[in-house]
>>> print(open('entry-v4.cif').read())   # mmCIF, C-alpha atoms and all ligand atoms
data_work
loop_
_atom_site.label_atom_id
_atom_site.label_comp_id
_atom_site.auth_asym_id
_atom_site.auth_seq_id
_atom_site.Cartn_x
_atom_site.Cartn_y
_atom_site.Cartn_z
CA MET Q 1 10.34 -13.78 12.61
CA SER Q 2 8.37 -15.27 9.76
CA LEU Q 3 8.85 -18.93 8.92
CA ILE Q 4 7.73 -18.36 5.33
CA PRO Q 5 10.67 -18.42 2.86
CA LYS Q 6 10.58 -15.43 0.47
CA SER Q 7 11.09 -17.85 -2.41
CA HIS Q 8 7.83 -19.66 -1.69
CA PRO Q 9 5.58 -19.32 -4.77
CA ARG Q 10 2.69 -18.18 -2.59
CA ALA Q 11 4.80 -16.14 -0.19
CA LYS Q 12 2.81 -12.89 -0.50
CA SER Q 13 -0.48 -14.58 0.21
CA LEU Q 14 1.05 -16.49 3.14
CA PHE Q 15 2.49 -13.27 4.63
CA ILE Q 16 -0.99 -11.76 4.58
CA ARG Q 17 -2.35 -14.85 6.34
CA GLU Q 18 0.39 -14.56 8.90
CA LYS Q 19 -0.59 -10.93 9.61
CA LEU Q 20 -4.19 -11.96 10.18
CA VAL Q 21 -3.28 -14.87 12.44
CA LYS Q 22 -1.08 -12.53 14.45
CA GLY Q 23 -3.98 -10.06 14.55
CA PHE Q 24 -6.21 -12.85 15.83
CA GLU Q 25 -3.70 -13.79 18.52
CA ASN Q 26 -3.42 -10.14 19.55
CA GLY Q 27 -7.17 -9.77 19.92
CA LEU Q 28 -7.79 -7.60 16.85
CA VAL Q 29 -9.37 -10.12 14.49
CA ALA Q 30 -12.52 -12.20 15.09
CA LYS Q 31 -12.58 -15.89 14.17
CA GLU Q 32 -15.08 -14.98 11.49
CA GLY Q 33 -12.58 -12.45 10.17
CA LEU Q 34 -10.17 -15.28 9.41
CA LEU Q 35 -12.88 -16.97 7.39
CA ALA Q 36 -13.74 -13.76 5.56
CA GLN Q 37 -10.07 -13.54 4.53
CA GLY Q 38 -10.40 -17.05 3.09
CA ARG Q 39 -13.31 -15.99 0.91
CA GLY Q 40 -11.29 -13.00 -0.26
CA GLU Q 41 -8.24 -15.15 -1.01
CA ALA Q 42 -10.28 -17.44 -3.24
CA PHE Q 43 -11.41 -14.49 -5.35
CA ASP Q 44 -7.91 -13.02 -5.37
CA TYR Q 45 -6.66 -16.30 -6.82
CA LEU Q 46 -9.30 -16.19 -9.55
CA LEU Q 47 -8.48 -12.56 -10.32
CA GLY Q 48 -4.78 -13.31 -10.78
CA GLU Q 49 -3.53 -11.78 -7.50
CA LYS Q 50 -2.67 -8.44 -9.04
CA THR Q 51 -4.23 -5.01 -9.21
CA SER Q 52 -6.13 -4.89 -12.48
CA ARG Q 53 -6.86 -1.95 -14.77
CA LEU Q 54 -10.45 -2.23 -13.53
CA ALA Q 55 -9.36 -1.85 -9.90
CA LYS Q 56 -7.20 1.14 -10.88
CA ASN Q 57 -10.23 2.81 -12.48
CA ALA Q 58 -12.23 2.25 -9.29
CA ILE Q 59 -9.34 3.60 -7.20
CA ARG Q 60 -9.30 6.76 -9.29
CA ALA Q 61 -13.05 7.27 -8.85
CA ALA Q 62 -12.73 6.57 -5.11
CA ALA Q 63 -9.94 9.13 -4.77
CA ALA Q 64 -11.99 11.75 -6.62
CA GLN Q 65 -15.00 11.01 -4.41
CA LEU Q 66 -12.93 11.27 -1.23
CA LEU Q 67 -11.42 14.57 -2.31
CA LEU Q 68 -14.89 15.97 -2.96
CA ALA Q 69 -16.24 14.75 0.38
CA GLU Q 70 -17.03 17.27 3.09
CA ARG Q 71 -17.15 14.83 6.00
CA PRO Q 72 -15.35 11.62 4.97
CA VAL Q 73 -15.06 8.77 7.47
CA ILE Q 74 -13.09 5.53 7.26
CA SER Q 75 -14.70 2.61 9.05
CA VAL Q 76 -12.13 0.21 10.51
CA ASN Q 77 -12.70 -3.42 11.48
CA GLY Q 78 -10.36 -6.05 12.92
CA ASN Q 79 -9.08 -7.35 9.58
CA ILE Q 80 -8.15 -3.87 8.42
CA ALA Q 81 -6.42 -3.10 11.72
CA ALA Q 82 -4.39 -6.31 11.36
CA LEU Q 83 -3.61 -5.98 7.63
CA CYS Q 84 -2.83 -2.31 7.02
CA PRO Q 85 -3.14 -0.04 10.09
CA LYS Q 86 -0.39 2.39 9.05
CA GLU Q 87 -1.79 2.77 5.56
CA ILE Q 88 -5.33 3.38 6.82
CA VAL Q 89 -4.06 6.11 9.14
CA LYS Q 90 -2.02 7.58 6.28
CA LEU Q 91 -5.10 7.65 4.04
CA SER Q 92 -7.14 9.34 6.76
CA LYS Q 93 -4.51 12.07 7.07
CA GLN Q 94 -4.20 12.49 3.30
CA ILE Q 95 -7.93 13.17 2.84
CA LYS Q 96 -8.62 14.56 6.33
CA ALA Q 97 -11.05 11.76 7.14
CA LYS Q 98 -12.10 10.62 10.58
CA LEU Q 99 -11.44 7.05 11.68
CA GLU Q 100 -14.18 5.04 13.34
CA VAL Q 101 -14.02 1.50 14.66
CA ASN Q 102 -17.14 -0.32 13.62
CA LEU Q 103 -17.39 -4.06 14.16
CA PHE Q 104 -19.70 -6.69 12.73
CA TYR Q 105 -19.13 -8.82 15.84
CA ALA Q 106 -19.27 -6.08 18.49
CA ASN Q 107 -16.87 -6.64 21.36
CA LYS Q 108 -15.52 -3.96 23.70
CA THR Q 109 -12.12 -5.56 24.28
CA ARG Q 110 -11.51 -6.07 20.59
CA LYS Q 111 -12.61 -2.51 19.88
CA GLN Q 112 -10.08 -1.18 22.37
CA ALA Q 113 -7.32 -3.36 20.86
CA ILE Q 114 -8.11 -1.93 17.40
CA ILE Q 115 -8.12 1.65 18.69
CA LYS Q 116 -4.78 1.02 20.39
CA MET Q 117 -3.33 -0.37 17.17
CA LEU Q 118 -4.54 2.64 15.14
CA LYS Q 119 -3.08 5.06 17.69
CA LYS Q 120 0.20 3.15 17.66
CA SER Q 121 0.12 3.58 13.89
CA GLY Q 122 -0.16 7.37 14.16
CA ALA Q 123 -3.88 8.11 14.59
CA LYS Q 124 -4.66 11.08 16.85
CA GLU Q 125 -8.35 10.31 17.32
CA VAL Q 126 -10.38 7.17 16.75
CA LEU Q 127 -14.16 7.28 17.10
CA GLY Q 128 -16.48 4.43 17.94
CA SER Q 129 -15.98 3.75 21.63
CA ASN Q 130 -17.67 6.66 23.37
CA PRO Q 131 -21.20 5.73 24.53
CA LYS Q 132 -22.00 9.44 24.99
CA THR Q 133 -21.66 10.11 21.27
CA SER Q 134 -23.07 6.83 19.99
CA THR Q 135 -26.31 6.74 18.03
CA LYS Q 136 -28.21 4.32 15.80
CA LEU Q 137 -28.51 3.75 12.09
CA ASP Q 138 -31.93 2.64 10.85
CA GLY Q 139 -32.58 -0.51 8.88
CA ILE Q 140 -30.15 -2.88 10.56
CA ASP Q 141 -30.38 -5.12 13.62
CA SER Q 142 -29.53 -3.70 17.04
CA ALA Q 143 -25.96 -4.83 17.71
CA ARG Q 144 -24.61 -3.59 14.38
CA ARG Q 145 -26.43 -0.30 14.09
CA ILE Q 146 -24.37 1.68 16.62
CA VAL Q 147 -22.31 4.45 15.05
CA ASP Q 148 -20.72 7.65 16.30
CA LYS Q 149 -22.75 10.86 15.99
CA ASN Q 150 -19.65 12.77 14.97
CA GLY Q 151 -18.36 10.06 12.66
CA ILE Q 152 -20.28 7.71 10.37
CA PHE Q 153 -23.64 9.17 11.38
CA ALA Q 154 -22.67 12.64 10.16
CA ALA Q 155 -20.52 11.52 7.23
CA ASP Q 156 -21.31 12.19 3.59
CA VAL Q 157 -18.78 9.64 2.27
CA VAL Q 158 -17.86 6.44 4.14
CA VAL Q 159 -15.06 4.03 3.28
CA VAL Q 160 -16.00 0.55 4.49
CA PRO Q 161 -13.33 -1.94 3.47
CA LEU Q 162 -14.32 -5.62 3.83
CA GLU Q 163 -17.87 -4.88 4.90
CA ASP Q 164 -20.99 -7.02 4.92
CA GLY Q 165 -23.97 -6.35 2.70
CA ASP Q 166 -26.53 -5.46 5.38
CA ARG Q 167 -24.47 -2.66 6.79
CA THR Q 168 -23.53 -1.35 3.38
CA MET Q 169 -27.23 -1.23 2.55
CA ALA Q 170 -28.00 0.54 5.87
CA LEU Q 171 -25.36 3.16 5.05
CA ARG Q 172 -26.79 3.69 1.57
CA ASN Q 173 -30.29 3.98 3.02
CA ALA Q 174 -28.94 6.62 5.40
CA GLY Q 175 -27.87 8.63 2.35
CA LYS Q 176 -24.13 7.96 2.52
CA ILE Q 177 -21.88 7.55 -0.48
CA VAL Q 178 -20.13 4.23 0.14
CA ILE Q 179 -16.68 3.20 -1.06
CA THR Q 180 -15.47 -0.33 -0.40
CA PHE Q 181 -12.61 -2.71 -1.04
CA ASP Q 182 -14.01 -6.16 -1.79
CA LEU Q 183 -12.31 -8.95 -3.70
CA ASN Q 184 -15.65 -10.58 -4.41
CA PRO Q 185 -17.31 -8.82 -7.36
CA LEU Q 186 -20.47 -10.84 -6.68
CA SER Q 187 -20.99 -9.86 -3.03
CA ARG Q 188 -23.92 -7.78 -1.83
CA THR Q 189 -21.50 -5.15 -0.59
CA SER Q 190 -19.84 -4.88 -4.01
CA HIS Q 191 -23.23 -4.34 -5.62
CA THR Q 192 -24.58 -1.98 -2.98
CA ALA Q 193 -21.60 0.35 -2.70
CA ASN Q 194 -21.26 3.37 -4.99
CA ILE Q 195 -17.63 2.55 -5.71
CA THR Q 196 -16.20 -0.95 -5.27
CA ILE Q 197 -12.48 -1.51 -5.55
CA VAL Q 198 -12.14 -5.18 -6.47
CA ASP Q 199 -8.62 -5.66 -5.19
CA ASN Q 200 -6.85 -6.98 -2.14
CA VAL Q 201 -6.89 -4.08 0.31
CA THR Q 202 -3.22 -4.80 1.10
CA ARG Q 203 -2.30 -3.98 -2.53
CA GLY Q 204 -4.88 -1.30 -3.31
CA ILE Q 205 -4.58 0.90 -0.25
CA ASP Q 206 -1.20 2.40 -1.21
CA LEU Q 207 -2.48 3.09 -4.71
CA LEU Q 208 -5.51 4.86 -3.26
CA ILE Q 209 -3.28 7.05 -1.08
CA GLU Q 210 -1.12 7.87 -4.13
CA GLU Q 211 -4.14 8.66 -6.27
CA CYS Q 212 -5.57 10.98 -3.59
CA LYS Q 213 -2.24 12.80 -3.57
CA LYS Q 214 -2.13 12.97 -7.36
CA LEU Q 215 -5.68 14.27 -7.78
CA SER Q 216 -5.52 16.70 -4.86
CA LYS Q 217 -4.63 19.59 -7.17
CA ARG Q 218 -7.60 19.01 -9.49
CA ASN Q 219 -10.60 21.30 -9.36
CA LYS Q 220 -14.10 20.17 -8.41
CA ASP Q 221 -15.37 19.90 -11.99
CA SER Q 222 -12.53 17.67 -13.00
CA LEU Q 223 -13.07 15.40 -9.96
CA GLN Q 224 -16.79 15.25 -10.62
CA LYS Q 225 -16.11 14.23 -14.21
CA ILE Q 226 -14.00 11.29 -13.03
CA ILE Q 227 -16.89 10.10 -10.83
CA TYR Q 228 -19.45 10.66 -13.58
CA ASN Q 229 -17.43 8.52 -15.97
CA PHE Q 230 -17.17 5.62 -13.52
CA ASP Q 231 -19.88 2.96 -13.68
CA ASN Q 232 -19.71 0.59 -10.69
CA LYS Q 233 -22.07 -2.06 -12.12
CA LYS Q 234 -20.09 -2.14 -15.37
CA ASN Q 235 -16.80 -2.36 -13.48
CA LEU Q 236 -18.14 -5.31 -11.43
CA ALA Q 237 -19.43 -7.06 -14.55
CA GLU Q 238 -16.02 -6.64 -16.20
CA ASN Q 239 -14.37 -8.14 -13.12
CA VAL Q 240 -16.59 -11.21 -13.49
CA ILE Q 241 -15.61 -11.43 -17.17
CA GLN Q 242 -11.96 -11.15 -16.10
CA ILE Q 243 -12.43 -14.17 -13.80
CA LYS Q 244 -14.14 -16.07 -16.62
CA ASN Q 245 -11.30 -15.27 -19.03
CA ASN Q 246 -8.67 -16.31 -16.47
CA LEU Q 247 -10.46 -19.61 -15.93
CA THR Q 248 -10.84 -20.20 -19.68
CA ARG Q 249 -7.11 -19.63 -20.16
CA ARG Q 250 -6.27 -22.04 -17.34
CA ALA Q 251 -8.69 -24.63 -18.70
CA ARG Q 252 -6.97 -24.49 -22.10
CA ILE Q 253 -3.52 -25.07 -20.59
CA ALA Q 254 -4.76 -27.95 -18.43
P1 LIG P 301 -21.85 -9.66 1.51
O1 LIG P 301 -22.69 -9.62 2.76
O2 LIG P 301 -21.44 -8.31 1.05
O3 LIG P 301 -22.42 -10.51 0.38
P2 LIG P 301 -19.99 -11.63 2.51
O4 LIG P 301 -20.94 -12.11 3.53
O5 LIG P 301 -19.57 -12.54 1.43
O6 LIG P 301 -20.46 -10.27 1.89
P3 LIG P 301 -18.16 -10.88 4.57
O7 LIG P 301 -17.62 -12.14 5.07
O8 LIG P 301 -19.13 -10.13 5.39
O9 LIG P 301 -18.65 -11.13 3.12
O10 LIG P 301 -17.05 -9.80 4.22
C1 LIG P 301 -15.84 -10.07 3.73
C2 LIG P 301 -15.70 -9.61 2.29
O11 LIG P 301 -14.43 -9.04 2.17
C3 LIG P 301 -15.76 -10.80 1.34
O12 LIG P 301 -16.54 -10.48 0.21
C4 LIG P 301 -14.31 -11.02 0.91
O13 LIG P 301 -14.22 -11.38 -0.45
C5 LIG P 301 -13.70 -9.65 1.12
N1 LIG P 301 -12.27 -9.69 1.55
C6 LIG P 301 -11.70 -10.49 2.48
N2 LIG P 301 -10.39 -10.24 2.62
C7 LIG P 301 -10.13 -9.21 1.75
C8 LIG P 301 -8.96 -8.47 1.46
N3 LIG P 301 -7.80 -8.72 2.05
N4 LIG P 301 -9.05 -7.49 0.54
C9 LIG P 301 -10.24 -7.20 -0.08
N5 LIG P 301 -11.37 -7.88 0.17
C10 LIG P 301 -11.34 -8.87 1.07
#
>>> encode(input="entry-v4.cif", output="structure tokens")
Amino acid sequence: MSLIPKSHPRAKSLFIREKLVKGFENGLVAKEGLLAQGRGEAFDYLLGEKTSRLAKNAIRAAAAQLLLAERPVISVNGNIAALCPKEIVKLSKQIKAKLEVNLFYANKTRKQAIIKMLKKSGAKEVLGSNPKTSTKLDGIDSARRIVDKNGIFAADVVVVPLEDGDRTMALRNAGKIVITFDLNPLSRTSHTANITIVDNVTRGIDLLIEECKKLSKRNKDSLQKIIYNFDNKKNLAENVIQIKNNLTRRARIA
């Protein structure tokens, strides 16, 4: 039972923290994952803690890209497994994507805990733990380059929520189209990905599932047009302007 009263002005943010702490206690989340959440929270605060029009545009482009993908894969880390396991599994079913556990801080026990959590949440198969099918991505140091031959290695489109810049770059260099959720519009990942959804993954994930459902009847040309009309760099720049405007407004009130 949560000790956070629903009436608390920061209740939503505290519930998310609680999920991560629980995930840490259950062996899903790394210590560093807790800190990464803190960085995300700071940007969420500056963005107004709501899904913006800009994030919705990115979600639409991401959905179109996922529907056009031939071999989509969703990369799952500890934070995602703690924050939204059911939703990630639902998204994978909606777009027929494979799930692969891929950790920045590789650890067999944690990997197994994440796989167990995804299976408990409805996943039939989770890649990333079979040494027989593991292979290496170029351009990244040894511990983090391991991926599954049948998953990320073979994928054309990879969703990497809450990823670090090096790995995003390695995926781009390997020719993948990369979609990410990242609250920091200044991060290397945000700037390296093809489509960056600047939103809290806990808010945006349901919208992405909905959008995939909504666009699933569209033809290829129409989906391609949505992607063509989306400019990631422009979207990121507008997110920075949004932060600036929010701060200016607050500074006037103060
Ligand atoms: P980069 O290497 O891309 O510059 P980084 O080193 O700042 O990134 P990491 O700590 O590797 O970042 O990854 C965490 C990223 O995920 C951060 O940019 C953070 O803002 C973002 N993040 C954390 N929690 C969430 C969340 N709940 N929803 C969306 N983004 C989040």
>>> residues_around(input="entry-v4.cif", residues="segment 15-20 of chain Q", least_positions_apart="3", cutoff="12 Å", atoms="all atoms listed in the file", output="mmCIF file with C-alpha atoms, keeping the file's coordinate frame")
data_model
loop_
_atom_site.group_PDB
_atom_site.id
_atom_site.type_symbol
_atom_site.label_atom_id
_atom_site.label_comp_id
_atom_site.auth_asym_id
_atom_site.auth_seq_id
_atom_site.Cartn_x
_atom_site.Cartn_y
_atom_site.Cartn_z
ATOM 1 C CA MET Q 1 10.340 -13.780 12.610
ATOM 2 C CA SER Q 2 8.370 -15.270 9.760
ATOM 3 C CA LEU Q 3 8.850 -18.930 8.920
ATOM 4 C CA ILE Q 4 7.730 -18.360 5.330
ATOM 5 C CA PRO Q 5 10.670 -18.420 2.860
ATOM 6 C CA LYS Q 6 10.580 -15.430 0.470
ATOM 7 C CA HIS Q 8 7.830 -19.660 -1.690
ATOM 8 C CA PRO Q 9 5.580 -19.320 -4.770
ATOM 9 C CA ARG Q 10 2.690 -18.180 -2.590
ATOM 10 C CA ALA Q 11 4.800 -16.140 -0.190
ATOM 11 C CA LYS Q 12 2.810 -12.890 -0.500
ATOM 12 C CA GLY Q 23 -3.980 -10.060 14.550
ATOM 13 C CA PHE Q 24 -6.210 -12.850 15.830
ATOM 14 C CA GLU Q 25 -3.700 -13.790 18.520
ATOM 15 C CA ASN Q 26 -3.420 -10.140 19.550
ATOM 16 C CA GLY Q 27 -7.170 -9.770 19.920
ATOM 17 C CA LEU Q 28 -7.790 -7.600 16.850
ATOM 18 C CA VAL Q 29 -9.370 -10.120 14.490
ATOM 19 C CA ALA Q 30 -12.520 -12.200 15.090
ATOM 20 C CA LYS Q 31 -12.580 -15.890 14.170
ATOM 21 C CA GLU Q 32 -15.080 -14.980 11.490
ATOM 22 C CA GLY Q 33 -12.580 -12.450 10.170
ATOM 23 C CA LEU Q 34 -10.170 -15.280 9.410
ATOM 24 C CA LEU Q 35 -12.880 -16.970 7.390
ATOM 25 C CA ALA Q 36 -13.740 -13.760 5.560
ATOM 26 C CA GLN Q 37 -10.070 -13.540 4.530
ATOM 27 C CA GLY Q 38 -10.400 -17.050 3.090
ATOM 28 C CA GLY Q 40 -11.290 -13.000 -0.260
ATOM 29 C CA GLU Q 41 -8.240 -15.150 -1.010
ATOM 30 C CA GLY Q 78 -10.360 -6.050 12.920
ATOM 31 C CA ASN Q 79 -9.080 -7.350 9.580
ATOM 32 C CA ILE Q 80 -8.150 -3.870 8.420
ATOM 33 C CA ALA Q 81 -6.420 -3.100 11.720
ATOM 34 C CA ALA Q 82 -4.390 -6.310 11.360
ATOM 35 C CA LEU Q 83 -3.610 -5.980 7.630
ATOM 36 C CA CYS Q 84 -2.830 -2.310 7.020
ATOM 37 C CA PRO Q 85 -3.140 -0.040 10.090
ATOM 38 C CA ASN Q 200 -6.850 -6.980 -2.140
ATOM 39 C CA VAL Q 201 -6.890 -4.080 0.310
ATOM 40 C CA THR Q 202 -3.220 -4.800 1.100
ATOM 41 C CA ARG Q 203 -2.300 -3.980 -2.530
#
>>> atom_distance(input="entry-v4.cif", atom1="atom C8 of ligand LIG 301 (chain P)", atom2="atom CA of Glu125 of chain Q")
24.6 Å
>>> residues_near_point(input="entry-v4.cif", point="(-8.3, 7.4, 14.2)", cutoff="9 Å", atoms="all atoms listed in the file", output="MDAnalysis selection string")
chainID Q and resid 74 76 88:89 92 97:101 115 118:119 122:127
>>> closest_residue(input="entry-v4.cif", among="Q:Thr51, Q:Ser187, Q:Asn232, Q:Thr196", to="ligand LIG 301 (chain P)", atoms="only C-alpha atoms and all ligand atoms")
Q:Ser187
>>> closest_residue(input="entry-v4.cif", among="Q:Lys234, Q:Arg188, Q:Lys116, Q:Lys214", to="ligand LIG 301 (chain P)", atoms="all atoms listed in the file")
Q:Arg188
>>> closest_residue(input="entry-v4.cif", among="Q:Asn245, Q:Ser7, Q:Thr180, Q:Ser134", to="ligand LIG 301 (chain P)", atoms="all atoms listed in the file")
Q:Thr180
>>> residues_around(input="entry-v4.cif", residues="segment 58-60 of chain Q", least_positions_apart="5", cutoff="9 Å", atoms="only C-alpha atoms", output="list in words")
Arg53, Gln65, Ile195, Thr196, Ile197, Val198, Gly204, Ile205, Leu207, Leu208, Glu211, Cys212, Leu215, Ile226, Ile227, Phe230, Asp231, Asn232 and Asn235 of chain Q
>>> closest_residue(input="entry-v4.cif", among="Q:Asn219, Q:Lys149, Q:Ala170, Q:Asp199", to="Asn184 of chain Q", atoms="only C-alpha atoms")
Q:Asp199
>>> build_atoms(input="entry-v4.cif", residues="segment 45-64 of chain Q", atoms="N, CA and C atoms", output="tab-separated table (two decimals), in the coordinates of the input")
chain	number	residue	atom	x	y	z
Q	45	TYR	N	-7.27	-15.25	-5.98
Q	45	TYR	CA	-6.66	-16.30	-6.82
Q	45	TYR	C	-7.27	-16.26	-8.23
Q	46	LEU	N	-8.60	-16.18	-8.25
Q	46	LEU	CA	-9.30	-16.19	-9.55
Q	46	LEU	C	-9.03	-14.92	-10.35
Q	47	LEU	N	-8.74	-13.84	-9.63
Q	47	LEU	CA	-8.48	-12.56	-10.32
Q	47	LEU	C	-7.03	-12.42	-10.76
Q	48	GLY	N	-6.18	-13.36	-10.36
Q	48	GLY	CA	-4.78	-13.31	-10.78
Q	48	GLY	C	-3.84	-12.67	-9.77
Q	49	GLU	N	-4.34	-12.35	-8.59
Q	49	GLU	CA	-3.53	-11.78	-7.50
Q	49	GLU	C	-2.71	-10.56	-7.91
Q	50	LYS	N	-3.32	-9.73	-8.73
Q	50	LYS	CA	-2.67	-8.44	-9.04
Q	50	LYS	C	-3.74	-7.36	-9.20
Q	51	THR	N	-3.29	-6.12	-9.07
Q	51	THR	CA	-4.23	-5.01	-9.21
Q	51	THR	C	-4.52	-4.80	-10.69
Q	52	SER	N	-5.77	-4.97	-11.07
Q	52	SER	CA	-6.13	-4.89	-12.48
Q	52	SER	C	-6.37	-3.45	-12.91
Q	53	ARG	N	-6.50	-3.25	-14.21
Q	53	ARG	CA	-6.86	-1.95	-14.77
Q	53	ARG	C	-8.23	-1.53	-14.20
Q	54	LEU	N	-9.10	-2.52	-14.06
Q	54	LEU	CA	-10.45	-2.23	-13.53
Q	54	LEU	C	-10.37	-1.69	-12.10
Q	55	ALA	N	-9.52	-2.32	-11.29
Q	55	ALA	CA	-9.36	-1.85	-9.90
Q	55	ALA	C	-8.75	-0.45	-9.90
Q	56	LYS	N	-7.82	-0.21	-10.83
Q	56	LYS	CA	-7.20	1.14	-10.88
Q	56	LYS	C	-8.22	2.20	-11.24
Q	57	ASN	N	-9.16	1.86	-12.14
Q	57	ASN	CA	-10.23	2.81	-12.48
Q	57	ASN	C	-11.09	3.11	-11.26
Q	58	ALA	N	-11.40	2.06	-10.49
Q	58	ALA	CA	-12.23	2.25	-9.29
Q	58	ALA	C	-11.46	3.08	-8.24
Q	59	ILE	N	-10.17	2.84	-8.15
Q	59	ILE	CA	-9.34	3.60	-7.20
Q	59	ILE	C	-9.35	5.09	-7.55
Q	60	ARG	N	-9.29	5.37	-8.84
Q	60	ARG	CA	-9.30	6.76	-9.29
Q	60	ARG	C	-10.64	7.43	-8.93
Q	61	ALA	N	-11.72	6.72	-9.18
Q	61	ALA	CA	-13.05	7.27	-8.85
Q	61	ALA	C	-13.17	7.45	-7.33
Q	62	ALA	N	-12.65	6.48	-6.57
Q	62	ALA	CA	-12.73	6.57	-5.11
Q	62	ALA	C	-11.94	7.78	-4.61
Q	63	ALA	N	-10.77	7.99	-5.18
Q	63	ALA	CA	-9.94	9.13	-4.77
Q	63	ALA	C	-10.67	10.44	-5.07
Q	64	ALA	N	-11.26	10.52	-6.26
Q	64	ALA	CA	-11.99	11.75	-6.62
Q	64	ALA	C	-13.14	11.98	-5.65
